[in-house]
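What follows is start_39.csv (CSV, C-alpha atoms).
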chain,number,residue,atom,x,y,z
A,1,MET,CA,0.0,0.0,0.0
A,2,TRP,CA,1.5,3.3,-1.1
A,3,TYR,CA,0.4,6.8,0.0
A,4,VAL,CA,0.4,9.9,-2.1
A,5,SER,CA,-0.1,13.6,-1.4
A,6,THR,CA,-3.4,15.2,-2.3
A,7,ARG,CA,-1.4,17.8,-4.2
A,8,GLY,CA,0.6,15.3,-6.3
A,9,ILE,CA,4.1,16.8,-6.0
A,10,ALA,CA,5.6,15.0,-3.0
A,11,PRO,CA,7.0,11.5,-3.7
A,12,ARG,CA,4.7,8.6,-2.7
A,13,ILE,CA,5.6,6.9,0.6
A,14,ASP,CA,4.8,3.7,2.4
A,15,PHE,CA,2.6,3.4,5.5
A,16,GLU,CA,5.5,4.0,7.9
A,17,GLY,CA,6.3,7.2,6.0
A,18,ALA,CA,2.7,8.4,6.3
A,19,LEU,CA,2.5,7.5,9.9
A,20,PHE,CA,5.6,9.3,10.9
A,21,SER,CA,4.7,12.5,9.3
A,22,GLY,CA,2.1,15.3,9.2
A,23,TYR,CA,1.5,17.5,6.2
A,24,ALA,CA,3.2,16.3,3.0
A,25,PRO,CA,6.2,18.5,1.9
A,26,ASP,CA,4.0,20.0,-0.9
A,27,GLY,CA,1.4,21.1,1.7
A,28,GLY,CA,-1.0,18.3,0.9
A,29,LEU,CA,-2.3,15.5,3.0
A,30,TYR,CA,-1.5,11.8,2.5
A,31,MET,CA,-4.1,9.4,1.2
A,32,PRO,CA,-3.9,5.7,0.0
A,33,GLU,CA,-3.0,5.6,-3.7
A,34,GLU,CA,-5.8,3.0,-4.1
A,35,LEU,CA,-8.6,2.0,-1.8
A,36,PRO,CA,-9.5,-1.7,-1.2
A,37,GLN,CA,-12.9,-2.7,-2.3
A,38,LEU,CA,-15.0,-4.9,0.0
A,39,GLY,CA,-17.6,-7.3,-1.1
A,40,ARG,CA,-20.7,-8.6,0.7
A,41,GLU,CA,-18.9,-11.6,2.1
A,42,THR,CA,-16.2,-9.6,3.7
A,43,LEU,CA,-18.8,-7.3,5.3
A,44,ARG,CA,-20.7,-10.3,6.6
A,45,GLU,CA,-17.6,-11.7,8.2
A,46,TRP,CA,-16.7,-8.3,9.7
A,47,SER,CA,-20.2,-7.8,11.1
A,48,THR,CA,-19.6,-10.5,13.7
A,49,LEU,CA,-16.3,-9.0,15.0
A,50,SER,CA,-15.8,-7.1,18.2
A,51,TYR,CA,-14.7,-3.5,17.8
A,52,PRO,CA,-11.0,-4.2,18.5
A,53,SER,CA,-11.0,-7.1,16.1
A,54,LEU,CA,-12.8,-5.0,13.5
A,55,VAL,CA,-10.1,-2.2,13.8
A,56,LYS,CA,-7.4,-4.8,13.4
A,57,GLU,CA,-9.0,-6.3,10.2
A,58,LEU,CA,-9.5,-2.9,8.7
A,59,CYS,CA,-6.0,-1.6,9.6
A,60,SER,CA,-4.4,-4.8,8.1
A,61,LEU,CA,-5.5,-3.6,4.7
A,62,PHE,CA,-3.5,-0.5,5.0
A,63,ILE,CA,-0.5,-1.2,7.4
A,64,GLY,CA,2.8,-2.9,6.9
A,65,PRO,CA,4.1,-5.3,9.5
A,66,GLU,CA,6.7,-3.1,11.3
A,67,LEU,CA,6.5,0.2,13.0
A,68,ILE,CA,9.1,2.2,15.0
A,69,PRO,CA,8.8,4.7,17.8
A,70,ARG,CA,9.2,8.4,17.0
A,71,ASP,CA,8.6,11.9,18.5
A,72,ASP,CA,5.1,13.4,18.3
A,73,LEU,CA,3.8,16.9,17.6
A,74,ASN,CA,0.1,17.6,18.2
A,75,GLY,CA,-2.2,20.5,17.7
A,76,THR,CA,-5.6,20.2,19.4
A,77,SER,CA,-9.0,21.9,19.5
A,78,GLY,CA,-9.9,20.1,22.7
A,79,ASP,CA,-9.9,16.3,23.1
A,80,THR,CA,-7.0,15.1,20.9
A,81,GLY,CA,-4.4,16.7,23.1
A,82,SER,CA,-5.5,14.9,26.4
A,83,ALA,CA,-5.9,11.6,24.5
A,84,ALA,CA,-2.4,11.9,23.1
A,85,ILE,CA,-1.0,12.7,26.5
A,86,GLU,CA,-2.7,9.7,28.1
A,87,SER,CA,-1.2,7.4,25.5
A,88,VAL,CA,2.4,8.5,25.8
A,89,HIS,CA,3.0,10.2,29.1
A,90,GLY,CA,6.0,8.6,30.8
A,91,ALA,CA,7.1,6.7,27.7
A,92,LYS,CA,10.8,6.5,27.4
A,93,ASN,CA,11.0,6.8,23.6
A,94,VAL,CA,8.5,9.6,22.8
A,95,ASP,CA,8.3,13.3,23.5
A,96,LEU,CA,4.9,15.0,23.0
A,97,ILE,CA,4.4,18.6,22.1
A,98,VAL,CA,0.8,19.9,22.5
A,99,LEU,CA,-0.5,23.2,21.3
A,100,LEU,CA,-3.8,24.1,23.0
A,101,PRO,CA,-5.8,27.2,22.0
A,102,LYS,CA,-6.1,29.2,25.2
A,103,GLY,CA,-9.7,30.3,25.8
A,104,HIS,CA,-11.1,28.0,23.1
A,105,CYS,CA,-11.2,24.8,25.2
A,106,THR,CA,-13.2,24.3,28.4
A,107,LYS,CA,-11.3,24.7,31.7
A,108,ILE,CA,-11.5,21.0,32.3
A,109,GLN,CA,-10.1,20.2,28.9
A,110,GLU,CA,-7.2,22.5,29.5
A,111,LEU,CA,-6.5,21.0,33.0
A,112,GLN,CA,-6.5,17.5,31.5
A,113,MET,CA,-3.5,18.7,29.5
A,114,THR,CA,-1.7,21.2,31.8
A,115,THR,CA,-1.7,19.0,34.9
A,116,VAL,CA,0.4,16.3,33.4
A,117,LEU,CA,3.9,17.1,34.6
A,118,ARG,CA,5.8,14.2,33.0
A,119,GLU,CA,9.1,15.3,31.5
A,120,ASN,CA,8.2,14.0,28.0
A,121,VAL,CA,5.0,16.1,27.8
A,122,HIS,CA,5.4,19.7,26.7
A,123,VAL,CA,2.2,21.8,26.6
A,124,PHE,CA,2.0,25.3,25.0
A,125,GLY,CA,-1.0,27.6,25.5
A,126,VAL,CA,-1.5,29.5,22.3
A,127,GLU,CA,-3.2,32.9,22.2
A,128,GLY,CA,-5.1,31.9,19.1
A,129,ASN,CA,-7.7,29.6,17.8
A,130,SER,CA,-7.4,26.1,16.4
A,131,ASP,CA,-6.9,27.3,12.8
A,132,GLU,CA,-4.2,29.7,13.9
A,133,LEU,CA,-2.2,27.1,15.8
A,134,ASP,CA,-2.2,24.8,12.8
A,135,GLU,CA,-0.1,27.3,10.8
A,136,PRO,CA,3.2,26.8,12.6
A,137,ILE,CA,2.7,23.0,12.6
A,138,LYS,CA,2.2,23.1,8.8
A,139,THR,CA,5.3,25.3,8.4
A,140,VAL,CA,7.4,22.9,10.5
A,141,PHE,CA,6.3,19.9,8.5
A,142,ALA,CA,7.0,21.7,5.2
A,143,ASP,CA,10.7,21.4,6.1
A,144,VAL,CA,11.4,17.9,5.0
A,145,ALA,CA,15.0,17.7,6.3
A,146,PHE,CA,14.0,19.0,9.7
A,147,VAL,CA,11.1,16.5,10.0
A,148,LYS,CA,13.4,13.6,9.1
A,149,LYS,CA,16.2,14.8,11.3
A,150,HIS,CA,14.0,15.0,14.4
A,151,ASN,CA,11.6,12.1,13.6
A,152,LEU,CA,8.5,14.2,13.8
A,153,MET,CA,4.9,13.0,13.4
A,154,SER,CA,1.5,14.6,14.0
A,155,LEU,CA,-1.2,12.9,16.2
A,156,ASN,CA,-4.3,14.8,15.1
A,157,SER,CA,-6.2,14.2,11.9
A,158,ILE,CA,-3.5,15.7,9.8
A,159,ASN,CA,-2.0,12.3,10.2
A,160,TRP,CA,-3.5,9.5,8.0
A,161,SER,CA,-3.4,7.0,10.8
A,162,ARG,CA,-6.0,9.0,12.8
A,163,VAL,CA,-8.4,9.0,9.8
A,164,LEU,CA,-7.7,5.3,9.2
A,165,VAL,CA,-8.8,4.3,12.7
A,166,GLN,CA,-11.9,6.5,12.4
A,167,ILE,CA,-13.0,4.5,9.3
A,168,ALA,CA,-13.7,1.7,11.7
A,169,HIS,CA,-16.3,3.9,13.4
A,170,HIS,CA,-18.5,3.8,10.3
A,171,PHE,CA,-18.2,0.1,9.7
A,172,PHE,CA,-19.0,-0.6,13.4
A,173,ALA,CA,-22.0,1.8,13.3
A,174,TYR,CA,-23.3,0.2,10.1
A,175,PHE,CA,-23.1,-3.3,11.6
A,176,ARG,CA,-24.9,-2.2,14.7
A,177,CYS,CA,-27.7,-0.4,12.9
A,178,ALA,CA,-28.3,-2.4,9.7
A,179,PRO,CA,-31.4,-4.5,10.1
A,180,SER,CA,-30.0,-7.4,8.0
A,181,LEU,CA,-27.0,-8.2,5.8
A,182,ASP,CA,-29.0,-10.9,4.0
A,183,THR,CA,-30.9,-8.6,1.6
A,184,HIS,CA,-29.8,-7.5,-1.8
A,185,PRO,CA,-28.7,-4.8,-2.2
A,186,LEU,CA,-27.5,-4.3,1.4
A,187,PRO,CA,-29.7,-1.9,3.4
A,188,PRO,CA,-28.4,1.7,3.8
A,189,VAL,CA,-27.7,3.3,7.2
A,190,GLU,CA,-27.5,7.0,7.8
A,191,VAL,CA,-24.5,8.2,9.9
A,192,VAL,CA,-24.5,11.7,11.3
A,193,VAL,CA,-21.0,13.1,11.9
A,194,PRO,CA,-20.5,16.1,14.1
A,195,THR,CA,-17.3,17.7,12.8
A,196,GLY,CA,-14.8,20.6,12.8
A,197,ALA,CA,-11.7,19.6,10.9
A,198,ALA,CA,-13.7,16.9,9.0
A,199,GLY,CA,-11.4,14.0,9.9
A,200,ASN,CA,-14.2,11.6,10.8
A,201,LEU,CA,-16.2,12.9,7.7
A,202,ALA,CA,-13.2,12.0,5.5
A,203,ALA,CA,-13.2,8.6,7.2
A,204,GLY,CA,-16.9,8.1,6.3
A,205,CYS,CA,-16.3,9.1,2.7
A,206,ILE,CA,-13.5,6.6,2.4
A,207,ALA,CA,-15.7,3.9,3.9
A,208,GLN,CA,-18.4,4.7,1.3
A,209,LYS,CA,-15.7,4.4,-1.5
A,210,MET,CA,-14.7,1.0,0.0
A,211,GLY,CA,-18.3,-0.3,-0.5
A,212,LEU,CA,-20.0,0.5,2.8
A,213,PRO,CA,-23.6,1.5,2.1
A,214,ILE,CA,-23.9,4.5,4.4
A,215,HIS,CA,-25.5,7.9,3.9
A,216,LEU,CA,-23.4,10.6,5.5
A,217,VAL,CA,-24.9,13.7,7.2
A,218,VAL,CA,-22.3,16.3,8.3
A,219,ALA,CA,-23.4,18.3,11.3
A,220,VAL,CA,-21.5,21.6,12.2
A,221,ASN,CA,-22.0,24.4,14.6
A,222,SER,CA,-22.2,28.1,13.6
A,223,ASN,CA,-18.8,27.8,12.0
A,224,ASP,CA,-20.4,26.5,8.9
A,225,ILE,CA,-17.8,26.4,6.1
A,226,ILE,CA,-18.5,22.7,5.4
A,227,HIS,CA,-22.2,23.2,5.4
A,228,ARG,CA,-21.9,26.1,2.9
A,229,ALA,CA,-19.5,24.0,0.7
A,230,VAL,CA,-22.0,21.1,0.6
A,231,GLN,CA,-25.1,23.3,0.0
A,232,TRP,CA,-23.7,25.9,-2.4
A,233,GLY,CA,-20.1,25.0,-3.3
A,234,ASP,CA,-19.0,28.0,-1.2
A,235,PHE,CA,-15.7,27.1,0.5
A,236,SER,CA,-14.7,30.4,2.1
A,237,LEU,CA,-13.8,31.7,5.5
A,238,SER,CA,-16.2,33.8,7.5
A,239,LYS,CA,-15.0,37.0,9.1
A,240,ALA,CA,-14.0,35.3,12.3
A,241,VAL,CA,-14.3,32.1,14.2
A,242,LYS,CA,-17.5,32.1,16.2
A,243,PRO,CA,-17.2,30.8,19.8
A,244,THR,CA,-19.9,28.2,20.5
A,245,LEU,CA,-20.8,25.6,23.1
A,246,ALA,CA,-19.3,22.9,20.8
A,247,SER,CA,-15.9,24.5,21.1
A,248,ALA,CA,-13.8,21.7,19.6
A,249,MET,CA,-15.7,22.3,16.4
A,250,ASP,CA,-14.9,26.1,16.3
A,251,ILE,CA,-12.9,25.7,13.2
A,252,GLN,CA,-12.9,27.7,10.0
A,253,VAL,CA,-10.2,25.7,8.1
A,254,PRO,CA,-11.4,22.1,8.0
A,255,TYR,CA,-8.2,20.7,6.4
A,256,ASN,CA,-9.5,17.2,5.9
A,257,MET,CA,-11.9,18.6,3.3
A,258,GLU,CA,-8.9,18.5,1.0
A,259,ARG,CA,-8.9,14.7,1.4
A,260,ILE,CA,-12.6,14.6,0.6
A,261,PHE,CA,-12.2,16.8,-2.5
A,262,TRP,CA,-9.3,14.7,-3.7
A,263,LEU,CA,-11.3,11.5,-3.2
A,264,LEU,CA,-14.4,12.8,-5.0
A,265,SER,CA,-12.4,14.4,-7.9
A,266,GLY,CA,-11.1,10.9,-8.8
A,267,SER,CA,-7.6,11.6,-7.2
A,268,ASP,CA,-7.1,14.6,-9.5
A,269,SER,CA,-4.1,16.1,-7.7
A,270,GLN,CA,-3.7,18.9,-10.2
A,271,VAL,CA,-7.2,20.2,-9.6
A,272,ILE,CA,-6.9,19.9,-5.8
A,273,ARG,CA,-3.5,21.6,-5.8
A,274,ALA,CA,-4.9,24.6,-7.7
A,275,LEU,CA,-8.0,24.7,-5.6
A,276,MET,CA,-6.3,24.6,-2.2
A,277,GLU,CA,-3.5,26.9,-3.2
A,278,GLN,CA,-6.1,29.5,-4.2
A,279,PHE,CA,-7.9,28.9,-0.9
A,280,GLU,CA,-4.7,29.5,1.0
A,281,ARG,CA,-4.1,32.8,-0.9
A,282,THR,CA,-7.6,34.2,-1.0
A,283,LYS,CA,-9.4,32.3,1.8
A,284,SER,CA,-12.3,31.8,-0.6
A,285,VAL,CA,-13.0,29.4,-3.5
A,286,GLY,CA,-16.0,28.3,-5.3
A,287,LEU,CA,-16.0,24.5,-5.9
A,288,PRO,CA,-15.9,23.4,-9.5
A,289,LYS,CA,-19.5,22.4,-10.6
A,290,GLU,CA,-18.6,18.7,-11.0
A,291,LEU,CA,-16.8,18.5,-7.7
A,292,HIS,CA,-19.7,20.3,-5.9
A,293,SER,CA,-22.2,17.9,-7.5
A,294,LYS,CA,-20.2,14.9,-6.2
A,295,LEU,CA,-19.9,16.3,-2.8
A,296,ALA,CA,-23.6,17.0,-2.5
A,297,GLU,CA,-24.3,13.5,-3.7
A,298,ALA,CA,-22.0,11.9,-1.1
A,299,VAL,CA,-22.9,14.1,1.9
A,300,THR,CA,-25.9,16.1,3.2
A,301,SER,CA,-25.3,18.8,5.8
A,302,GLN,CA,-26.9,20.8,8.6
A,303,SER,CA,-25.7,23.7,10.7
A,304,VAL,CA,-26.8,23.8,14.4
A,305,SER,CA,-27.0,26.9,16.7
A,306,ASP,CA,-26.1,27.0,20.4
A,307,GLU,CA,-29.8,27.3,21.1
A,308,ALA,CA,-30.5,24.1,19.3
A,309,ILE,CA,-27.6,22.4,21.1
A,310,THR,CA,-29.0,23.2,24.5
A,311,GLN,CA,-32.5,22.3,23.5
A,312,THR,CA,-31.2,18.9,22.2
A,313,MET,CA,-29.3,18.2,25.4
A,314,GLY,CA,-32.5,18.9,27.4
A,315,ARG,CA,-34.7,16.8,25.1
A,316,CYS,CA,-32.3,13.9,25.2
A,317,TRP,CA,-32.1,14.0,28.9
A,318,GLN,CA,-35.9,14.2,29.3
A,319,GLU,CA,-36.5,11.3,26.8
A,320,ASN,CA,-33.6,9.0,27.5
A,321,LYS,CA,-31.9,10.2,30.7
A,322,TYR,CA,-28.7,10.4,28.7
A,323,LEU,CA,-26.5,13.5,29.1
A,324,LEU,CA,-25.1,14.6,25.7
A,325,CYS,CA,-21.9,16.6,25.3
A,326,PRO,CA,-22.5,19.7,23.2
A,327,HIS,CA,-20.7,18.2,20.2
A,328,SER,CA,-22.8,15.0,20.3
A,329,ALA,CA,-25.8,17.3,20.6
A,330,VAL,CA,-25.0,18.8,17.3
A,331,ALA,CA,-25.4,15.4,15.7
A,332,VAL,CA,-28.5,14.5,17.7
A,333,SER,CA,-30.1,17.8,16.8
A,334,CYS,CA,-30.1,16.7,13.2
A,335,HIS,CA,-31.7,13.4,14.2
A,336,TYR,CA,-34.5,15.3,16.0
A,337,ARG,CA,-35.2,17.5,13.0
A,338,GLN,CA,-35.7,14.4,10.9
A,339,VAL,CA,-37.9,12.7,13.6
A,340,ASP,CA,-40.1,15.8,14.0
A,341,ARG,CA,-40.7,15.9,10.2
A,342,GLN,CA,-42.0,12.4,10.4
A,343,GLN,CA,-40.4,11.5,7.1
A,344,PRO,CA,-39.3,7.9,6.4
A,345,SER,CA,-35.6,7.3,6.7
A,346,PRO,CA,-33.1,4.5,7.0
A,347,PRO,CA,-31.7,3.5,10.4
A,348,ARG,CA,-29.7,6.4,11.8
A,349,CYS,CA,-26.5,6.5,14.0
A,350,CYS,CA,-25.2,9.7,15.5
A,351,LEU,CA,-21.5,9.7,16.4
A,352,ALA,CA,-20.9,11.0,19.9
A,353,PRO,CA,-17.3,12.3,20.4
A,354,ALA,CA,-17.0,13.2,24.1
A,355,SER,CA,-18.3,13.1,27.6
A,356,ALA,CA,-20.5,15.8,28.9
A,357,ALA,CA,-18.3,15.9,32.1
A,358,LYS,CA,-15.8,18.0,30.1
A,359,PHE,CA,-18.3,20.7,29.3
A,360,PRO,CA,-20.0,21.9,32.5
A,361,GLU,CA,-20.7,25.3,30.9
A,362,ALA,CA,-22.8,23.7,28.2
A,363,VAL,CA,-24.6,21.5,30.8
A,364,ARG,CA,-25.5,24.6,32.8
A,365,ALA,CA,-26.6,26.4,29.7
A,366,ALA,CA,-29.0,23.5,29.0
A,367,ARG,CA,-30.3,23.9,32.6
A,368,LEU,CA,-29.2,20.4,33.5
A,369,THR,CA,-27.1,19.2,36.4
A,370,LEU,CA,-23.9,17.2,36.1
A,371,ASP,CA,-22.6,14.6,38.5
A,372,THR,CA,-18.9,15.4,37.9
A,373,PRO,CA,-16.6,12.4,38.3
A,374,ALA,CA,-14.1,12.6,41.2
A,375,GLU,CA,-11.1,12.4,38.9
A,376,ILE,CA,-12.4,15.5,37.1
A,377,LEU,CA,-13.0,17.4,40.3
A,378,ALA,CA,-9.4,16.6,41.4
A,379,LEU,CA,-7.9,18.4,38.5
A,380,GLU,CA,-8.8,21.7,40.1
A,381,HIS,CA,-6.3,21.1,42.9
A,382,LYS,CA,-3.3,19.9,40.8
A,383,GLU,CA,-0.2,21.8,39.8
A,384,THR,CA,-0.2,22.9,36.2
A,385,ARG,CA,2.5,23.5,33.6
A,386,CYS,CA,2.0,25.4,30.4
A,387,THR,CA,4.3,27.5,28.3
A,388,PRO,CA,2.6,30.6,26.7
A,389,MET,CA,2.7,31.3,23.0
A,390,ARG,CA,1.6,34.9,22.9
A,391,LYS,CA,0.4,37.0,19.9
A,392,GLY,CA,3.5,38.6,18.5
A,393,ASP,CA,5.7,35.6,19.3
A,394,ASP,CA,7.3,33.6,16.5
A,395,TRP,CA,5.4,30.4,17.1
A,396,THR,CA,7.2,28.5,14.4
A,397,ARG,CA,10.6,29.5,15.9
A,398,MET,CA,9.4,28.5,19.3
A,399,LEU,CA,8.3,25.0,18.0
A,400,ARG,CA,11.6,24.5,16.2
A,401,ASP,CA,13.7,25.6,19.1
A,402,THR,CA,11.8,23.2,21.5
A,403,ILE,CA,12.2,20.3,19.1
A,404,GLU,CA,16.0,21.1,18.7
A,405,ASP,CA,16.4,21.2,22.5
A,406,LEU,CA,14.6,17.9,22.9
A,407,SER,CA,16.8,16.3,20.3
A,408,GLN,CA,19.9,17.5,22.0
A,409,GLN,CA,18.7,16.1,25.3
A,410,TRP,CA,18.1,12.7,23.5
A,411,GLN,CA,21.6,12.7,22.0
A,412,GLY,CA,23.0,13.4,25.5
A,413,ARG,CA,21.2,10.5,27.0
A,414,VAL,CA,22.2,8.2,24.2
A,415,GLN,CA,25.9,9.2,24.6
A,416,ASN,CA,25.8,8.5,28.3
A,417,LEU,CA,24.4,5.0,27.9
A,418,PRO,CA,26.9,2.3,29.0
A,419,ALA,CA,28.7,0.6,26.2
Take the structure in the file and give it back as structure tokens.
Amino acid sequence: MWYVSTRGIAPRIDFEGALFSGYAPDGGLYMPEELPQLGRETLREWSTLSYPSLVKELCSLFIGPELIPRDDLNGTSGDTGSAAIESVHGAKNVDLIVLLPKGHCTKIQELQMTTVLRENVHVFGVEGNSDELDEPIKTVFADVAFVKKHNLMSLNSINWSRVLVQIAHHFFAYFRCAPSLDTHPLPPVEVVVPTGAAGNLAAGCIAQKMGLPIHLVVAVNSNDIIHRAVQWGDFSLSKAVKPTLASAMDIQVPYNMERIFWLLSGSDSQVIRALMEQFERTKSVGLPKELHSKLAEAVTSQSVSDEAITQTMGRCWQENKYLLCPHSAVAVSCHYRQVDRQQPSPPRCCLAPASAAKFPEAVRAARLTLDTPAEILALEHKETRCTPMRKGDDWTRMLRDTIEDLSQQWQGRVQNLPA
């Protein structure tokens, strides 16, 4: 399995190269050169698997047999950072750098990252939003020699491996919701995907292309660039990022849409390169008519207000005694709209990305009460560590200097090892 950049200039690489990377050197994102096609019998076999076994079977189609440990670089809009920290803190062969957008995560999300004091975890609090903190990361990964020298990789959905694992969400959802796999053709299932950077949406589009009969609904908050792209072919920035209760989705540059455009264009890297370079210059492009038509055929979309989020959280609690996080509520709001219209539809699954315990502000806005877990309450009393990245600072230089310092520390430790 080879991986190519969506912009077609960077050389193709194997899975290990895609895993231990971020943006491609030409500014694109890595995608499989070809997608495996799955028939009915494979789907039937996979439908009996546990989730871990399903992930293993799916990944075996894309991954070679050997992997090696590397250093990590991660930008987060909320939950990726703490998940990455949990996976590697205290590890002897990995250093993790996390950029968190100060004021754009909840207090609990920030504490989950800043209270980890392990020496291999380095958290920066950026005076900017998620789109702004992605820029220095992209600049660092554009320096191929620097990336190779310091063994850098990204852990958010810039990295293909993150999208790969998310593909399993869609297969698992389908198998749980499809009434039968004995009919011909296989029955469709609708999957509602709440999204900001569009990583899980890209995963769903890939699953479709592999033969999974799902209908995708993309659900966004008031930062609605994806919704406008689906509805009208308008892929352009608004004047500013709008703060919402679903803060991890407060994103104006959904970089994984580049993967979706590439997929739907028939892997036309020349078209995608021109499109995305224009977007980077002007912050506004109209999708070509054929590409917009294919996007609208693959995906439907809805934009959900804060008011609808809190109403959905309240309704779900009243009807099901289940407390939604605000991001999950964005998806479930779309479900309620369809239910209230009383129109026939296939079975529907709403993807739920987080626990409500991380979002007490949204819970209070919905006039609900939260039984906060003890481990969350304990965060308030822990020591924190976070290096500021202020407006006016050279964020790229700060990142590069940190990486250089960590590499020098590694070299010193290796030299001091006994012969």
**OP:** Rank nothing, just name the residue among A:Ile225, A:Ala308, A:Leu43, A:Leu291 nearest to Ser180 (chain A), using all atoms listed in the file.
**Re:**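 With all atoms listed in the file as the atom set, the closest residue is A:Leu43.
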Interface rows for region 23-47 of chain A against region 134-148 of chain A: nearest pair, Å to one decimal, 12 Å, all atoms listed in the file, as a Markdown table:
| residue | atom | partner | partner_atom | distance |
| --- | --- | --- | --- | --- |
| A:Tyr23 | CA | A:Phe141 | CA | 5.8 |
| A:Ala24 | CA | A:Ala142 | CA | 7.0 |
| A:Pro25 | CA | A:Ala142 | CA | 4.7 |
| A:Asp26 | CA | A:Ala142 | CA | 7.0 |
| A:Gly27 | CA | A:Ala142 | CA | 6.6 |
| A:Gly28 | CA | A:Ala142 | CA | 9.7 |
| A:Leu29 | CA | A:Lys138 | CA | 10.6 |
Subject >> Nearest to Asp306 (chain A) by atom-to-atom distance, counting only C-alpha atoms, from A:Thr282, A:Ser222, A:Thr369, A:Asn320 >> reply: A:Ser222
How close does region 274-338 of chain A get to region 254-270 of chain A? List, as a Markdown table, each residue of region 274-338 of chain A within 8 Å, its nearest atom pair and the distance in Å to one decimal, counting all atoms listed in the file.
| residue | atom | partner | partner_atom | distance |
| --- | --- | --- | --- | --- |
| A:Ala274 | CA | A:Gln270 | CA | 6.3 |
| A:Met276 | CA | A:Glu258 | CA | 7.4 |
| A:Leu291 | CA | A:Ser265 | CA | 6.0 |
| A:Lys294 | CA | A:Leu264 | CA | 6.3 |
| A:Leu295 | CA | A:Leu264 | CA | 6.9 |
**OP:** Select, from A:Glu33, A:Leu133, A:Ile214, A:Val230, the residue with the minimum atom-to-atom distance to Asp394 (chain A), counting only C-alpha atoms.
**Re:**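 Of the candidates, the smallest distance to Asp394 (chain A) is held by A:Leu133.
Between Leu58 (chain A) and the candidates A:Val116, A:Met210, A:Val271, A:Val126, the tightest atom-to-atom separation, counting all atoms listed in the file, involves A:Met210.
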May I ask you to restore all heavy atoms in region 221-225 of chain A and write the result as an mmCIF file, in the frame of the given file?
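Final output, saved to part_25.cif:
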data_model
loop_
_atom_site.group_PDB
_atom_site.id
_atom_site.type_symbol
_atom_site.label_atom_id
_atom_site.label_comp_id
_atom_site.auth_asym_id
_atom_site.auth_seq_id
_atom_site.Cartn_x
_atom_site.Cartn_y
_atom_site.Cartn_z
ATOM 1 N N ASN A 221 -21.442 23.314 13.805
ATOM 2 C CA ASN A 221 -22.000 24.400 14.600
ATOM 3 C C ASN A 221 -22.100 25.656 13.745
ATOM 4 O O ASN A 221 -22.138 25.569 12.511
ATOM 5 C CB ASN A 221 -21.245 24.584 15.909
ATOM 6 C CG ASN A 221 -19.769 24.930 15.685
ATOM 7 O OD1 ASN A 221 -19.373 25.414 14.626
ATOM 8 N ND2 ASN A 221 -18.958 24.689 16.695
ATOM 9 N N SER A 222 -22.071 26.817 14.363
ATOM 10 C CA SER A 222 -22.200 28.100 13.600
ATOM 11 C C SER A 222 -21.017 28.370 12.716
ATOM 12 O O SER A 222 -21.103 29.238 11.842
ATOM 13 C CB SER A 222 -22.469 29.228 14.560
ATOM 14 O OG SER A 222 -23.668 29.039 15.281
ATOM 15 N N ASN A 223 -19.910 27.695 12.924
ATOM 16 C CA ASN A 223 -18.800 27.800 12.000
ATOM 17 C C ASN A 223 -19.021 26.823 10.864
ATOM 18 O O ASN A 223 -18.664 25.645 10.928
ATOM 19 C CB ASN A 223 -17.479 27.484 12.772
ATOM 20 C CG ASN A 223 -17.232 28.486 13.880
ATOM 21 O OD1 ASN A 223 -16.870 29.625 13.617
ATOM 22 N ND2 ASN A 223 -17.470 28.084 15.129
ATOM 23 N N ASP A 224 -19.662 27.331 9.827
ATOM 24 C CA ASP A 224 -20.400 26.500 8.900
ATOM 25 C C ASP A 224 -19.776 26.368 7.500
ATOM 26 O O ASP A 224 -20.481 26.132 6.518
ATOM 27 C CB ASP A 224 -21.835 26.982 8.764
ATOM 28 C CG ASP A 224 -21.915 28.391 8.167
ATOM 29 O OD1 ASP A 224 -20.859 29.047 8.012
ATOM 30 O OD2 ASP A 224 -23.036 28.833 7.853
ATOM 31 N N ILE A 225 -18.451 26.481 7.381
ATOM 32 C CA ILE A 225 -17.800 26.400 6.100
ATOM 33 C C ILE A 225 -18.137 25.115 5.338
ATOM 34 O O ILE A 225 -18.385 25.095 4.133
ATOM 35 C CB ILE A 225 -16.317 26.689 6.140
ATOM 36 C CG1 ILE A 225 -15.691 26.681 4.736
ATOM 37 C CG2 ILE A 225 -15.625 25.711 7.063
ATOM 38 C CD1 ILE A 225 -14.228 27.114 4.717
#
